[in-house]
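Participant: Okay, so here is my_file-v8.cif, and as you'll see once you scroll down, it has mmCIF, C-alpha atoms.
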data_upload
#
loop_
_atom_site.label_atom_id
_atom_site.label_comp_id
_atom_site.auth_asym_id
_atom_site.auth_seq_id
_atom_site.Cartn_x
_atom_site.Cartn_y
_atom_site.Cartn_z
CA MET A 153 0.00 0.00 0.00
CA ILE A 154 1.37 3.40 -0.90
CA TRP A 155 -1.51 5.52 0.37
CA GLY A 156 -4.70 5.18 2.38
CA THR A 157 -7.49 7.06 4.09
CA VAL A 158 -10.97 6.71 5.59
CA LEU A 159 -13.81 8.07 3.44
CA SER A 160 -17.08 9.36 4.90
CA ASN A 161 -16.05 8.00 8.31
CA ARG A 162 -17.09 4.58 6.96
CA ILE A 163 -14.95 3.13 4.20
CA VAL A 164 -11.24 2.36 4.42
CA CYS A 165 -9.68 3.22 1.07
CA TYR A 166 -6.15 2.27 0.07
CA VAL A 167 -4.07 2.39 -3.08
CA ASP A 168 -1.41 -0.18 -3.98
CA GLU A 169 1.71 0.29 -6.10
CA GLU A 170 -0.24 -0.58 -9.25
CA TYR A 171 -2.72 2.20 -8.44
CA ASN A 172 -5.50 -0.24 -7.78
CA MET A 173 -7.83 1.48 -5.31
CA GLU A 174 -9.47 -0.86 -2.80
CA LEU A 175 -12.44 0.17 -0.67
CA ARG A 176 -13.46 -1.88 2.37
CA SER A 177 -15.79 -1.31 5.28
CA VAL A 178 -14.15 -1.46 8.71
CA GLU A 179 -16.30 -4.54 9.45
CA TYR A 180 -15.01 -6.25 6.33
CA LEU A 181 -11.38 -5.61 7.30
CA PHE A 182 -11.35 -6.23 11.02
CA ALA A 183 -14.38 -8.34 11.97
CA SER A 184 -15.73 -10.22 8.96
CA PHE A 185 -14.11 -13.56 9.85
CA ALA A 186 -16.02 -13.65 13.11
CA SER A 187 -19.31 -12.05 12.16
CA GLY A 188 -19.49 -12.26 8.37
CA GLY A 189 -20.66 -9.46 6.13
CA GLY A 190 -19.16 -6.07 5.47
CA PHE A 191 -18.68 -4.38 2.19
CA GLY A 192 -15.90 -4.05 -0.38
CA GLY A 193 -15.07 -2.99 -3.91
CA SER A 194 -12.15 -1.86 -6.05
CA HIS A 195 -11.29 0.47 -8.89
CA GLN A 196 -8.24 0.56 -11.19
CA LEU A 197 -6.79 4.05 -11.60
CA PRO A 198 -4.86 4.96 -14.78
CA LYS A 199 -1.30 4.32 -13.54
CA ASP A 200 0.39 5.69 -16.67
CA ARG A 201 -1.38 9.06 -16.27
CA MET A 202 -0.52 9.54 -12.59
CA VAL A 203 2.04 12.18 -11.56
CA ASP A 204 5.21 10.66 -10.02
CA THR A 205 5.48 10.50 -6.25
CA ARG A 206 7.49 13.43 -4.91
CA VAL A 207 10.95 13.32 -3.31
CA ILE A 208 10.80 14.69 0.22
CA CYS A 209 14.38 14.17 1.37
CA THR A 210 17.71 12.60 0.52
CA ARG A 211 19.09 10.07 3.01
CA ALA A 212 22.71 10.01 4.23
CA ASP A 213 23.47 7.16 1.79
CA GLY A 214 22.20 9.25 -1.13
CA SER A 215 18.94 7.32 -1.60
CA LEU A 216 15.69 9.24 -1.85
CA THR A 217 12.61 9.19 0.35
CA LYS A 218 9.51 9.55 -1.81
CA SER A 219 5.98 10.23 -0.70
CA PRO A 220 2.65 10.25 -2.55
CA HIS A 221 1.08 12.75 -0.13
CA GLU A 222 0.06 16.06 -1.73
CA ARG A 223 -0.26 14.30 -5.10
CA VAL A 224 -3.08 12.22 -3.62
CA ARG A 225 -5.42 13.79 -1.07
CA ALA A 226 -8.54 12.82 0.82
CA LEU A 227 -11.29 15.37 0.15
CA GLY A 228 -14.13 14.38 2.49
CA ASN A 229 -16.08 11.69 0.65
CA SER A 230 -13.70 11.62 -2.31
CA VAL A 231 -10.03 11.19 -3.16
CA GLY A 232 -8.23 13.65 -5.44
CA PHE A 233 -5.34 12.51 -7.66
CA LEU A 234 -2.99 14.74 -9.61
CA THR A 235 -2.61 13.30 -13.09
CA LYS A 236 -0.80 14.49 -16.22
CA ASP A 237 -4.19 15.75 -17.44
CA GLY A 238 -5.10 17.62 -14.28
CA LEU A 239 -7.10 16.67 -11.23
CA VAL A 240 -9.18 13.51 -11.07
CA LYS A 241 -11.57 12.93 -8.20
CA ALA A 242 -12.85 9.52 -7.18
CA ARG A 243 -16.07 10.13 -5.27
CA LEU A 244 -17.45 7.49 -2.94
CA LEU A 245 -21.10 6.90 -3.79
CA SER A 246 -23.55 7.42 -0.95
CA ILE A 247 -25.35 4.40 0.50
CA LYS A 248 -28.58 5.53 -1.18
CA GLU A 249 -26.85 5.88 -4.58
CA LEU A 250 -25.29 2.42 -4.21
CA VAL A 251 -28.61 0.82 -3.30
CA GLU A 252 -30.33 2.50 -6.26
CA ILE A 253 -27.62 1.40 -8.70
CA TYR A 254 -27.98 -2.19 -7.46
CA ILE A 255 -31.77 -1.97 -7.91
CA ASP A 256 -31.48 -0.43 -11.40
CA LYS A 257 -29.29 -3.39 -12.40
CA GLY A 258 -31.79 -5.85 -10.98
CA LYS A 259 -29.38 -6.90 -8.21
CA TRP A 260 -31.99 -7.00 -5.48
CA LEU A 261 -30.11 -9.27 -3.13
CA PRO A 262 -26.94 -7.12 -2.79
CA ALA A 263 -29.18 -4.04 -2.40
CA LEU A 264 -31.12 -5.67 0.42
CA ARG A 265 -27.93 -6.99 2.03
CA LEU A 266 -26.40 -3.50 2.01
CA CYS A 267 -29.52 -2.02 3.65
CA VAL A 268 -29.64 -4.78 6.27
CA GLU A 269 -25.95 -4.31 7.14
CA VAL A 270 -26.46 -0.57 7.54
CA PHE A 271 -29.38 -1.11 9.94
CA LYS A 272 -27.51 -3.85 11.83
CA GLY A 273 -24.70 -1.35 12.36
CA LYS A 274 -22.15 -3.37 10.42
CA ILE A 275 -21.70 -0.43 8.02
CA VAL A 276 -21.38 2.93 9.73
CA ALA A 277 -24.14 5.36 8.69
CA THR A 278 -25.66 8.54 10.04
CA LYS A 279 -29.36 8.82 10.88
CA GLN A 280 -29.92 10.85 7.71
CA GLU A 281 -28.32 8.12 5.58
CA LYS A 282 -30.47 5.48 7.27
CA ASP A 283 -33.60 7.59 6.67
CA GLU A 284 -32.71 7.89 2.97
CA ILE A 285 -32.71 4.12 2.43
CA GLN A 286 -35.52 3.23 4.82
CA SER A 287 -38.07 2.98 2.00
CA HIS A 288 -36.04 0.21 0.36
CA VAL A 289 -36.14 -2.21 3.31
CA PRO A 290 -39.21 -3.95 4.70
CA MET B 273 -19.45 -3.13 -8.88
CA SER B 274 -17.21 -0.13 -8.22
CA PRO B 275 -18.54 1.99 -5.35
CA ILE B 276 -16.96 5.16 -6.73
CA GLU B 277 -17.59 7.69 -9.47
CA VAL B 278 -14.57 9.21 -11.25
CA ILE B 279 -14.78 12.91 -12.14
CA LYS B 280 -12.21 14.84 -14.22
CA HIS B 281 -11.96 18.50 -13.30
CA LYS B 282 -12.17 20.57 -16.53
CA THR B 283 -11.13 24.00 -15.18
CA ILE B 284 -7.97 22.54 -13.70
CA SER B 285 -7.14 20.59 -16.88
CA GLN B 286 -7.36 23.85 -18.85
CA LEU B 287 -4.94 25.50 -16.43
CA LEU B 288 -2.40 22.78 -17.13
CA THR B 289 -2.58 22.89 -20.91
CA GLN B 290 -1.39 26.52 -20.93
CA ASN B 291 2.26 25.71 -20.21
CA ASP B 292 3.80 22.28 -20.73
CA SER B 293 6.97 22.91 -18.66
CA VAL B 294 5.01 23.72 -15.52
CA LYS B 295 3.97 20.69 -13.48
CA LEU B 296 1.58 20.65 -10.57
CA THR B 297 3.28 19.31 -7.46
CA SER B 298 0.60 19.74 -4.79
CA PHE B 299 -3.02 20.75 -4.54
CA ALA B 300 -5.87 21.47 -2.14
CA ILE B 301 -9.60 22.05 -2.53
CA SER B 302 -11.77 23.71 0.10
CA ILE B 303 -13.38 20.74 1.84
CA PHE B 304 -16.85 22.09 2.62
CA SER B 305 -17.64 24.69 -0.04
CA GLN B 306 -15.57 23.16 -2.89
CA LYS B 307 -15.17 26.80 -3.98
CA LEU B 308 -11.43 27.29 -3.82
CA PHE B 309 -8.70 25.32 -5.59
CA LEU B 310 -5.05 25.86 -4.77
CA ALA B 311 -2.11 24.30 -6.58
CA GLY B 312 1.66 24.53 -6.25
CA THR B 313 4.06 23.98 -9.14
CA ASN B 314 7.63 22.81 -9.70
CA THR B 315 8.60 26.41 -10.58
CA GLY B 316 7.52 27.85 -7.22
CA GLU B 317 4.26 29.27 -8.48
CA ILE B 318 1.07 29.05 -6.43
CA ILE B 319 -2.18 29.12 -8.40
CA GLU B 320 -5.32 30.15 -6.55
CA CYS B 321 -8.52 29.50 -8.44
CA ASP B 322 -12.05 30.51 -7.48
CA LEU B 323 -13.99 27.61 -8.94
CA THR B 324 -17.31 29.47 -8.97
CA SER B 325 -16.08 32.40 -11.10
CA SER B 326 -12.97 30.68 -12.61
CA LYS B 327 -10.90 33.73 -11.53
CA ILE B 328 -7.22 32.89 -11.11
CA LYS B 329 -4.54 34.56 -9.00
CA ARG B 330 -0.87 33.59 -9.14
CA TYR B 331 1.83 34.05 -6.51
CA GLN B 332 5.53 33.25 -6.69
CA LEU B 333 8.00 31.64 -4.31
CA SER B 334 11.57 30.75 -5.24
CA SER B 335 11.56 26.93 -5.29
CA GLU B 336 9.32 23.92 -5.87
CA VAL B 337 6.08 24.10 -3.91
CA MET B 338 5.96 20.93 -1.80
CA THR B 339 2.65 21.47 -0.03
CA VAL B 340 -0.41 23.70 0.04
CA ASP B 341 -3.44 23.76 2.31
CA ILE B 342 -6.65 25.75 2.71
CA CYS B 343 -8.15 26.69 6.07
CA ARG B 344 -11.45 24.88 6.69
CA ASP B 345 -13.47 28.14 6.49
CA ASP B 346 -11.73 29.10 3.19
CA SER B 347 -10.51 32.38 4.73
CA MET B 348 -6.79 31.74 4.21
CA TRP B 349 -4.26 29.34 2.75
CA ALA B 350 -0.62 28.41 3.13
CA ALA B 351 2.15 26.96 0.99
CA GLY B 352 5.61 25.56 1.73
CA THR B 353 8.59 24.93 -0.54
CA SER B 354 11.65 22.72 -0.87
CA LYS B 355 13.85 25.66 0.26
CA SER B 356 11.94 26.07 3.54
CA GLU B 357 9.87 29.08 2.43
CA ILE B 358 6.36 29.44 3.84
CA MET B 359 3.63 31.75 2.54
CA VAL B 360 0.43 32.35 4.52
CA ARG B 361 -2.15 34.41 2.72
CA LYS B 362 -5.76 35.57 2.99
CA SER B 363 -7.67 33.85 0.21
CA LEU B 364 -9.44 35.34 -2.81
CA GLY B 365 -7.68 38.69 -2.95
CA GLY B 366 -7.51 39.49 0.75
CA TRP B 367 -4.60 41.68 1.81
CA ALA B 368 -3.11 39.90 4.79
CA LYS B 369 -0.01 37.87 4.00
CA LYS B 370 3.16 36.64 5.63
CA VAL B 371 6.20 35.10 3.95
CA ILE B 372 8.89 33.29 5.91
CA ASN B 373 11.93 33.06 3.64
CA ASP B 374 13.78 30.32 5.50
CA PHE B 375 11.88 28.53 8.26
CA ASN B 376 14.56 26.05 9.35
CA SER B 377 16.50 25.23 6.18
CA ARG B 378 14.66 21.92 5.74
CA PRO B 379 12.10 21.26 2.98
CA ILE B 380 8.51 21.88 4.08
CA ILE B 381 6.84 18.56 3.34
CA GLN B 382 3.34 19.24 4.69
CA ILE B 383 1.23 22.08 6.00
CA ARG B 384 -2.17 21.38 7.55
CA PHE B 385 -4.58 23.90 9.06
CA VAL B 386 -6.18 22.89 12.34
CA ASN B 387 -8.36 26.04 12.34
CA LYS B 388 -7.93 29.70 11.37
CA ASN B 389 -5.71 30.35 14.39
CA CYS B 390 -3.47 27.33 14.11
CA MET B 391 -1.63 25.29 11.50
CA LEU B 392 0.88 22.46 11.58
CA VAL B 393 4.08 22.63 9.56
CA ALA B 394 6.19 19.53 8.95
CA THR B 395 9.68 19.32 7.57
CA ASP B 396 11.33 15.93 7.14
CA ARG B 397 12.70 16.26 10.70
CA THR B 398 10.29 18.37 12.77
CA VAL B 399 6.63 19.22 13.29
CA THR B 400 5.82 22.73 14.49
CA LYS B 401 2.59 24.35 15.62
CA PHE B 402 2.08 27.85 14.15
CA LYS B 403 -0.27 30.06 16.16
CA LEU B 404 -1.65 32.66 13.75
CA THR B 405 -3.09 36.07 14.53
CA ASP B 406 -4.66 38.10 11.73
CA MET B 407 -3.21 41.65 11.89
CA LYS B 408 -5.20 42.85 8.82
CA LEU B 409 -2.16 43.37 6.57
CA THR B 410 0.01 40.60 7.92
CA TYR B 411 -0.08 37.61 10.25
CA GLU B 412 1.66 37.42 13.59
CA ILE B 413 3.04 33.91 14.00
CA LYS B 414 4.24 32.17 17.16
CA PHE B 415 5.95 28.79 16.93
CA GLU B 416 5.80 25.80 19.27
CA PRO B 417 7.51 22.45 18.57
CA VAL B 418 5.19 19.43 18.41
CA THR B 419 7.86 16.80 17.87
CA TYR B 420 11.55 17.24 18.31
CA GLU B 421 14.25 16.26 15.81
CA GLN B 422 13.47 12.84 14.36
CA ALA B 423 14.37 11.02 11.19
CA GLU B 424 12.36 10.99 7.99
CA ILE B 425 8.90 12.30 8.76
CA VAL B 426 6.64 11.45 5.83
CA GLN B 427 3.18 12.59 6.86
CA ILE B 428 1.28 14.59 9.47
CA MET B 429 -2.43 14.66 10.19
CA PHE B 430 -4.51 16.12 12.99
CA MET B 431 -7.38 14.25 14.58
CA PRO B 432 -10.08 16.03 16.63
CA LEU B 433 -10.95 14.67 20.07
CA PRO B 434 -14.74 14.23 20.42
CA ASP B 435 -14.68 14.75 24.19
CA ILE B 436 -12.36 17.74 24.16
CA PRO B 437 -13.63 20.17 21.48
CA ASN B 438 -10.71 22.59 21.53
CA ASN B 439 -7.95 20.02 21.37
CA ALA B 440 -6.57 17.65 18.75
CA VAL B 441 -4.08 14.84 18.37
CA VAL B 442 -1.28 15.23 15.88
CA LEU B 443 -0.44 11.99 14.08
CA THR B 444 3.15 12.02 12.86
CA ALA B 445 4.21 9.20 10.54
CA SER B 446 7.92 8.68 10.07
CA MET B 447 9.81 5.78 8.52
CA ASN B 448 10.28 3.94 11.82
CA LYS B 449 7.29 4.92 13.97
CA VAL B 450 3.92 6.65 14.23
CA GLU B 451 3.79 9.21 17.01
CA PHE B 452 0.74 10.70 18.75
CA SER B 453 0.95 14.19 20.26
CA LEU B 454 -1.66 16.27 22.05
CA LEU B 455 -1.75 19.75 20.55
CA ASP B 456 -2.96 21.92 23.47
CA PRO B 457 -2.19 23.60 25.77
CA THR B 458 1.47 22.89 25.09
CA PRO B 459 2.17 20.22 22.46
CA ARG B 460 3.44 16.97 23.99
CA VAL B 461 4.07 13.47 22.70
CA VAL B 462 1.72 11.02 24.48
CA SER B 463 2.36 7.72 22.73
CA HIS B 464 3.90 6.03 19.73
CA ILE B 465 3.79 2.78 17.76
CA PRO B 466 7.17 1.59 16.49
CA LYS B 467 7.63 -0.12 13.14
CA PRO B 468 6.97 -3.84 13.64
CA ASP B 469 9.94 -6.12 12.90
CA TYR B 470 7.97 -8.00 10.22
CA ILE B 471 7.79 -4.86 8.06
CA GLU B 472 11.01 -4.32 6.12
CA GLN B 473 12.89 -1.01 6.20
CA GLY B 474 11.88 1.38 3.44
CA TRP B 475 8.09 1.01 3.75
CA GLN B 476 6.47 4.14 5.06
CA PRO B 477 3.32 4.24 7.19
CA VAL B 478 0.26 6.24 6.14
CA VAL B 479 -2.13 7.45 8.85
CA SER B 480 -5.82 8.30 8.86
CA TRP B 481 -8.62 8.24 11.46
CA MET B 482 -12.33 7.75 11.99
CA ILE B 483 -14.79 8.51 14.80
CA HIS B 484 -16.90 5.79 16.38
CA VAL B 485 -20.35 7.29 15.80
CA GLU B 486 -22.18 5.96 18.87
CA LYS B 487 -19.36 5.99 21.39
CA SER B 488 -17.31 9.14 21.46
CA PHE B 489 -13.84 7.91 20.68
CA CYS B 490 -11.62 7.73 17.61
CA TYR B 491 -9.78 5.02 15.78
CA VAL B 492 -6.45 5.73 14.13
CA ILE B 493 -5.92 3.65 11.00
CA ILE B 494 -2.31 2.94 9.99
CA PHE B 495 -1.51 1.54 6.55
CA TRP B 496 1.95 0.00 6.55
CA LYS B 497 3.14 -2.15 3.65
CA ASP B 498 0.56 -5.00 3.42
CA PHE B 499 -0.92 -4.38 6.87
CA ILE B 500 -3.69 -2.18 8.21
CA PHE B 501 -3.59 -1.46 11.95
CA LEU B 502 -6.53 -0.24 13.99
CA VAL B 503 -5.58 1.84 17.02
CA LYS B 504 -8.24 2.87 19.53
CA ASN B 505 -7.85 6.32 21.04
CA ASP B 506 -9.60 7.16 24.30
CA GLN B 507 -8.51 10.40 25.98
CA ASP B 508 -4.71 10.26 25.68
CA GLU B 509 -4.46 6.45 25.49
CA PHE B 510 -3.70 4.66 22.24
CA VAL B 511 -4.27 0.90 22.14
CA LEU B 512 -3.58 -1.33 19.15
CA CYS B 513 -6.78 -3.34 18.74
CA GLY B 514 -6.82 -4.81 15.25
#
Show this structure as structure tokens.
Facilitator:
Amino acid sequence: MIWGTVLSNRIVCYVDEEYNMELRSVEYLFASFASGGGFGGSHQLPKDRMVDTRVICTRADGSLTKSPHERVRALGNSVGFLTKDGLVKARLLSIKELVEIYIDKGKWLPALRLCVEVFKGKIVATKQEKDEIQSHVP
Amino acid sequence: MSPIEVIKHKTISQLLTQNDSVKLTSFAISIFSQKLFLAGTNTGEIIECDLTSSKIKRYQLSSEVMTVDICRDDSMWAAGTSKSEIMVRKSLGGWAKKVINDFNSRPIIQIRFVNKNCMLVATDRTVTKFKLTDMKLTYEIKFEPVTYEQAEIVQIMFMPLPDIPNNAVVLTASMNKVEFSLLDPTPRVVSHIPKPDYIEQGWQPVVSWMIHVEKSFCYVIIFWKDFIFLVKNDQDEFVLCG
């Protein structure tokens, strides 16, 4: 992992050396073996378009310490990346948006599972977010 | 299914196409209003862009801009360079500004605002708290060390404390440890997590945090090579719990 953050106080997001961005709920990462469930997904970022990591200091042996910070930044519910074409933002979809996309694609079971896990507290959500999806669960 | 939507920012792309030799090296966007975009370049230029009107202002420092940050209320911003210069400036055409030409001769690797009266400045060796007072045309700045001389700092972040509204914890990631410091009243180191032996030298930790919604405490998340550590923070105690 070369970079990581927590998005929307809910999803742990990390980027590996190949610029594959993984998103996992805290439950998925730290408790899923015991209790099951959680949520995860991934997204491949365009590695060849990314700006190189910056050099922050030179060690005594002449080698360089590089850091991706400032080229990649957490921006609330999204992550900003500096690319050769400018700024690209990867925005985490809200729980409501995710549920609706699942439903539009006819994936009723994952939509229901997501709602159930939110109400069981396995996925962190505010009261407003719970209210937004309440109509989708029995 | 990917849980994210990817958005390319057109105004910022247009800024870049104007000069091929200039490369963006750092950026910040105002978190709440999304109104202000700030970028630093390899030539020492700072570009301030009002995203609602697309008005652009440019400022110049003498070396590569390593870091920029915008205060949470958008009222001011700061930038730091590889030659230890720091610029603090009122945003969107305000008059107040302060330039420090050589802070401590080390490259400024990160600047982060805690609020409009306080920001954190990290070089590769030190973290310093800047107390800022707006004097209309300039800023009065008082310095307090947060961490003392240590090797290869790579990231700083501040974490609010739910129980203590006016205080924060400074998370300092360096190549061989992650250190936790209370910011107020006088900054002091309260705990640290050393690099575990099973992580080889050369891998740097990345820190973030989240608040437990129902119970008022925070978790620090540390990404270190292939591992993710969960550290529970309660008052000034930090306990590795996952």
Participant: Of the candidates A:Pro198, A:Pro262, A:Gly238, A:Gly273, which one gets nearest to chain B if we count all atoms listed in the file?
Facilitator: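 Nearest candidate to chain B out of A:Pro198, A:Pro262, A:Gly238, A:Gly273: A:Gly238.
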Participant: Using only C-alpha atoms for the distances, tell me which of B:Ile383, B:Ile436, B:Val418, B:Ile372 is nearest to chain A.
Facilitator: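 That would be B:Ile383, the residue with the smallest distance to chain A.
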Participant: Find the spatial neighbours of Val337 (chain B), counting all atoms listed in the file, within a cut-off of 9 Å - ignore same-chain residues fewer than 6 positions away - and output them as a ChimeraX atom specification.
Facilitator: /B:296-298,311-318,351-355,357,380
Participant: Since we have the selection now, will you write its residues out, keeping C-alpha atoms, as an mmCIF file, keeping the file's coordinate frame?
Facilitator:
data_model
loop_
_atom_site.group_PDB
_atom_site.id
_atom_site.type_symbol
_atom_site.label_atom_id
_atom_site.label_comp_id
_atom_site.auth_asym_id
_atom_site.auth_seq_id
_atom_site.Cartn_x
_atom_site.Cartn_y
_atom_site.Cartn_z
ATOM 1 C CA LEU B 296 1.580 20.650 -10.570
ATOM 2 C CA THR B 297 3.280 19.310 -7.460
ATOM 3 C CA SER B 298 0.600 19.740 -4.790
ATOM 4 C CA ALA B 311 -2.110 24.300 -6.580
ATOM 5 C CA GLY B 312 1.660 24.530 -6.250
ATOM 6 C CA THR B 313 4.060 23.980 -9.140
ATOM 7 C CA ASN B 314 7.630 22.810 -9.700
ATOM 8 C CA THR B 315 8.600 26.410 -10.580
ATOM 9 C CA GLY B 316 7.520 27.850 -7.220
ATOM 10 C CA GLU B 317 4.260 29.270 -8.480
ATOM 11 C CA ILE B 318 1.070 29.050 -6.430
ATOM 12 C CA ALA B 351 2.150 26.960 0.990
ATOM 13 C CA GLY B 352 5.610 25.560 1.730
ATOM 14 C CA THR B 353 8.590 24.930 -0.540
ATOM 15 C CA SER B 354 11.650 22.720 -0.870
ATOM 16 C CA LYS B 355 13.850 25.660 0.260
ATOM 17 C CA GLU B 357 9.870 29.080 2.430
ATOM 18 C CA ILE B 380 8.510 21.880 4.080
#
Participant: For the PyMOL selection byres ((chain B and resi 405) around 9), applied here, can you spell out every residue it catches as a list in words?
Facilitator: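 Written out, the selection comes to Lys388, Asn389, Cys390, Lys403, Leu404, Asp406, Met407, Thr410, Tyr411, Glu412, Ile413 and Lys414 of chain B.
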Participant: Residue by residue, what does the PyMOL selection byres ((chain A and resi 202-218) around 10) grab here? Present the result as a VMD selection string.
Facilitator: (chain A and resid 154 171 197 to 201 219 to 224 233 to 240) or (chain B and resid 295 to 298 338 354 378 to 382 395 to 397 423 to 426 447 474 to 476)
Participant: Fewer than 5 positions away in the same chain doesn't count, so skip those; otherwise give me all residues within 10 Å of Ile500 (chain B), counting all atoms listed in the file, as JSON, numbers by chain.
Facilitator: {"A": [153, 156, 164, 166, 181, 182], "B": [477, 478, 479, 493, 494, 495, 514]}
Participant: Dump C-alpha atoms for the selected residues as a short mmCIF file (atom, residue, chain, number, x, y, z; two decimals), keeping the file's coordinate frame?
Facilitator:
data_model
loop_
_atom_site.label_atom_id
_atom_site.label_comp_id
_atom_site.auth_asym_id
_atom_site.auth_seq_id
_atom_site.Cartn_x
_atom_site.Cartn_y
_atom_site.Cartn_z
CA MET A 153 0.00 0.00 0.00
CA GLY A 156 -4.70 5.18 2.38
CA VAL A 164 -11.24 2.36 4.42
CA TYR A 166 -6.15 2.27 0.07
CA LEU A 181 -11.38 -5.61 7.30
CA PHE A 182 -11.35 -6.23 11.02
CA PRO B 477 3.32 4.24 7.19
CA VAL B 478 0.26 6.24 6.14
CA VAL B 479 -2.13 7.45 8.85
CA ILE B 493 -5.92 3.65 11.00
CA ILE B 494 -2.31 2.94 9.99
CA PHE B 495 -1.51 1.54 6.55
CA GLY B 514 -6.82 -4.81 15.25
#
Participant: I'd like to know which of A:Tyr180, A:Ile163, A:Leu244, A:Lys274 is closest to chain B, using all atoms listed in the file.
Facilitator: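 Of all the options, A:Leu244 lies closest to chain B.
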Participant: Take the PyMOL selection byres ((chain A and resi 177) around 12), run it mentally on this structure, and tell me the resulting residues as a PyMOL selection string.
Facilitator: (chain A and resi 157-166+174-176+178-184+188-194+266+269-270+273-277) or (chain B and resi 275+482)
Participant: Have a look at CA of Asp469 (chain B) and CA of Phe452 (chain B) and let me know their distance in Å, one decimal.
Facilitator: 20.0 Å
Participant: May I ask which of the residues B:Val511, B:Val461, B:Val340, B:Ile328 is the closest one to chain A, counting all atoms listed in the file?
Facilitator: B:Val340
Participant: As an exercise, work out the distance from CA of Val360 (chain B) to CA of Pro434 (chain B) in Å and give it to one decimal place.
Facilitator: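 Those two atoms sit 28.5 Å apart.
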Participant: One decimal, in Å: what's the spacing between CA of Thr400 (chain B) and CA of Leu433 (chain B)?
Facilitator: 19.4 Å
Participant: Considering only C-alpha atoms, state which residue in the set B:Ser356, B:Ser377, B:Ser334, B:Ser480 is at the smallest distance from chain A.
Facilitator: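 Ranking B:Ser356, B:Ser377, B:Ser334, B:Ser480 by distance to chain A, first place goes to B:Ser480.
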Participant: Nearest residue to chain B out of A:Lys282, A:Arg225, A:Lys272, A:Arg265, using all atoms listed in the file?
Facilitator: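 Distance minimum relative to chain B lands on A:Arg225.
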Participant: Build an axis-aligned box that encloses every atom of region 457-462 of chain B listed in the file, pad it by 3 Å on each side, and report its centre and edge lengths in Å to one decimal, as AutoDock Vina command-line options.
Facilitator:
--center_x 0.9 --center_y 17.3 --center_z 24.1 --size_x 12.3 --size_y 18.6 --size_z 9.3
Participant: Just the residues within 12 Å of Ile301 (chain B), please, counting only C-alpha atoms, with nothing from its chain fewer than 5 positions along; format it as JSON, numbers by chain.
Facilitator: {"A": [222, 224, 225, 226, 227, 228, 230, 231, 232, 233, 239, 241], "B": [281, 284, 306, 307, 308, 309, 310, 311, 319, 320, 321, 322, 323, 340, 341, 342, 343, 344, 345, 346, 349]}
